[in-house]
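To keep things clear, I will list the structure first and then write my remarks on it.
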Amino acid sequence: NAGVMQNPRHLVRRRGQEARLRCSPMKGHSHVYWYRQLPEEGLKFMVYLQKENIIDESGMPKERFSAEFPKEGPSILRIQQVVRGDSAAYFCASSQPGTPTGELFFGEGSRLTVL
Amino acid sequence: KQEVTQIPAALSVPEGENLVLNCSFTDSAIYNLQWFRQDPGKGLTSLLLIQSSQREQTSGRLNASLDKSSGRSTLYIAASQPGDSATYLCAVYNNAGNMLTFGGGTRLMVKP
């Protein structure tokens, strides 16, 4: 049973380009969370999704950032027109459906560097 | 708004010591509390999950306690080893809201 899979593990973009980060949850998990960890800082919640629905995006920057979790395929975190301040590790986590009393399982993260 | 604080921010101990990491949270209306380990440049590994109705959980040399009413949790590591060197993160899942809220972590160094 594979864990949470994130790709790419490392991504380098120039300012103004787009970054797409993908997350495949654990088998049987239909809840996906995205977190951002800036250098030397803690993990900050960005968005919580279920299949085809954004449940809570209170942590997402209002501009340039979007997330989706389609019926088929991985969850995607998209950052348009990247800036140097977007350089961070982006972590995806998944949990089982139902009430949120279960564990969250995290992927290895995608490390974005903006030149 | 939930706030999670971890003390100390960094800790350096000789091998073999027993140690305690502290976590406090401001809103006691939580579903559960998780302790994670993060190695440099790596993801998060879940260590222990304590449901709000539980007082403690144990796994090997690790023991985590939860006092929900006072908003505190401790992670006890027995007989520490150099391989325990990592950042330890505490996170709570609120009754209201849809996310884990993380503390800033405790960076542990166990010296041989």
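Note on naming: chains are A, B, ... as they come in the structure tokens, residues start from 1 per chain, ligands start from 1 in the order shown.
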
Might you pull out every residue within 7 Å of stretch 63-67 of chain A, with only C-alpha atoms counted and same-chain residues fewer than 5 positions away left off, and present them as a PyMOL selection string? chain A and resi 76-81

Residues as selected, N, CA and C atoms, written as a PDB file, in the first residue's frame, can you do that?
```
ATOM      1  N   ILE A  76      -3.916  18.602  -7.760  1.00  0.00           N
ATOM      2  CA  ILE A  76      -2.937  19.515  -8.355  1.00  0.00           C
ATOM      3  C   ILE A  76      -2.966  20.833  -7.583  1.00  0.00           C
ATOM      4  N   LEU A  77      -1.772  21.297  -7.203  1.00  0.00           N
ATOM      5  CA  LEU A  77      -1.621  22.654  -6.675  1.00  0.00           C
ATOM      6  C   LEU A  77      -0.898  23.450  -7.753  1.00  0.00           C
ATOM      7  N   ARG A  78      -1.530  24.518  -8.188  1.00  0.00           N
ATOM      8  CA  ARG A  78      -1.010  25.305  -9.319  1.00  0.00           C
ATOM      9  C   ARG A  78      -0.651  26.697  -8.827  1.00  0.00           C
ATOM     10  N   ILE A  79       0.545  27.125  -9.161  1.00  0.00           N
ATOM     11  CA  ILE A  79       0.993  28.470  -8.808  1.00  0.00           C
ATOM     12  C   ILE A  79       1.355  29.182 -10.106  1.00  0.00           C
ATOM     13  N   GLN A  80       0.618  30.219 -10.410  1.00  0.00           N
ATOM     14  CA  GLN A  80       0.876  30.986 -11.634  1.00  0.00           C
ATOM     15  C   GLN A  80       1.815  32.149 -11.330  1.00  0.00           C
ATOM     16  N   GLN A  81       2.597  32.524 -12.360  1.00  0.00           N
ATOM     17  CA  GLN A  81       3.481  33.707 -12.273  1.00  0.00           C
ATOM     18  C   GLN A  81       4.278  33.692 -10.970  1.00  0.00           C
TER      19      GLN A  81
END
```

Could the residues of chain B within 10 Å of chain A, counting only C-alpha atoms, be given as an MDAnalysis selection string, please? chainID B and resid 30:34 36 38 41:46 48:52 89 91 93:95 97:105

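Atom CA of B:Asn18 sits 15.2 Å away from atom CA of B:Tyr88.
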
By how many Å are atom CA of A:Met5 and atom CA of B:Thr5 apart? 29.2 Å

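We find atom CA of B:Arg37 and atom CA of A:Gln50 to be spaced 25.9 Å apart.
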
Taking the chain letters and numbering used in this document, name the residues of chain B that DSSP puts in strand (DSSP E), as a PyMOL selection string. chain B and resi 4-7+10-14+19-25+30-38+44-51+56-59+62-67+72-77+86-94+100-102+106-111

Env of stretch 76-82 of chain B: 7 Å cut, atoms = only C-alpha atoms, seq-sep filter 6 positions within chain, self excluded. Answer as a tab-separated table (two decimals) with C-alpha atoms, in the first residue's frame.
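And here is the file that came out, out24.tsv:
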```tsv
chain	number	residue	atom	x	y	z
B	15	GLU	CA	22.96	9.93	24.14
B	16	GLY	CA	21.02	7.89	26.68
B	17	GLU	CA	19.11	10.72	28.31
B	18	ASN	CA	15.37	10.64	28.80
B	19	LEU	CA	13.76	13.81	27.54
B	20	VAL	CA	10.42	15.62	27.34
B	21	LEU	CA	9.15	17.82	24.55
B	61	ARG	CA	10.50	4.38	23.41
B	62	LEU	CA	7.96	7.12	22.77
B	63	ASN	CA	5.09	8.11	25.02
B	64	ALA	CA	2.75	11.00	24.35
B	110	VAL	CA	21.28	13.72	20.40
B	111	LYS	CA	25.06	13.63	20.67
B	112	PRO	CA	26.93	10.30	20.74
```

Residue neighbourhood A:Arg15, 10 Å, only C-alpha atoms, exclusion window fewer than 3 positions, as a PyMOL selection string: chain A and resi 12+18+80-86+113-115

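Minimum distance to A:Gln6 across A:Ser75, A:Ser24, A:Ser87, A:Gln37 (counting only C-alpha atoms) occurs at A:Ser24.
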
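Remark: for A:Lys71, the closest of the candidate residues A:Ser94, A:Ser30, A:Ala88, A:His10 is A:Ser30 (distances computed over only C-alpha atoms).
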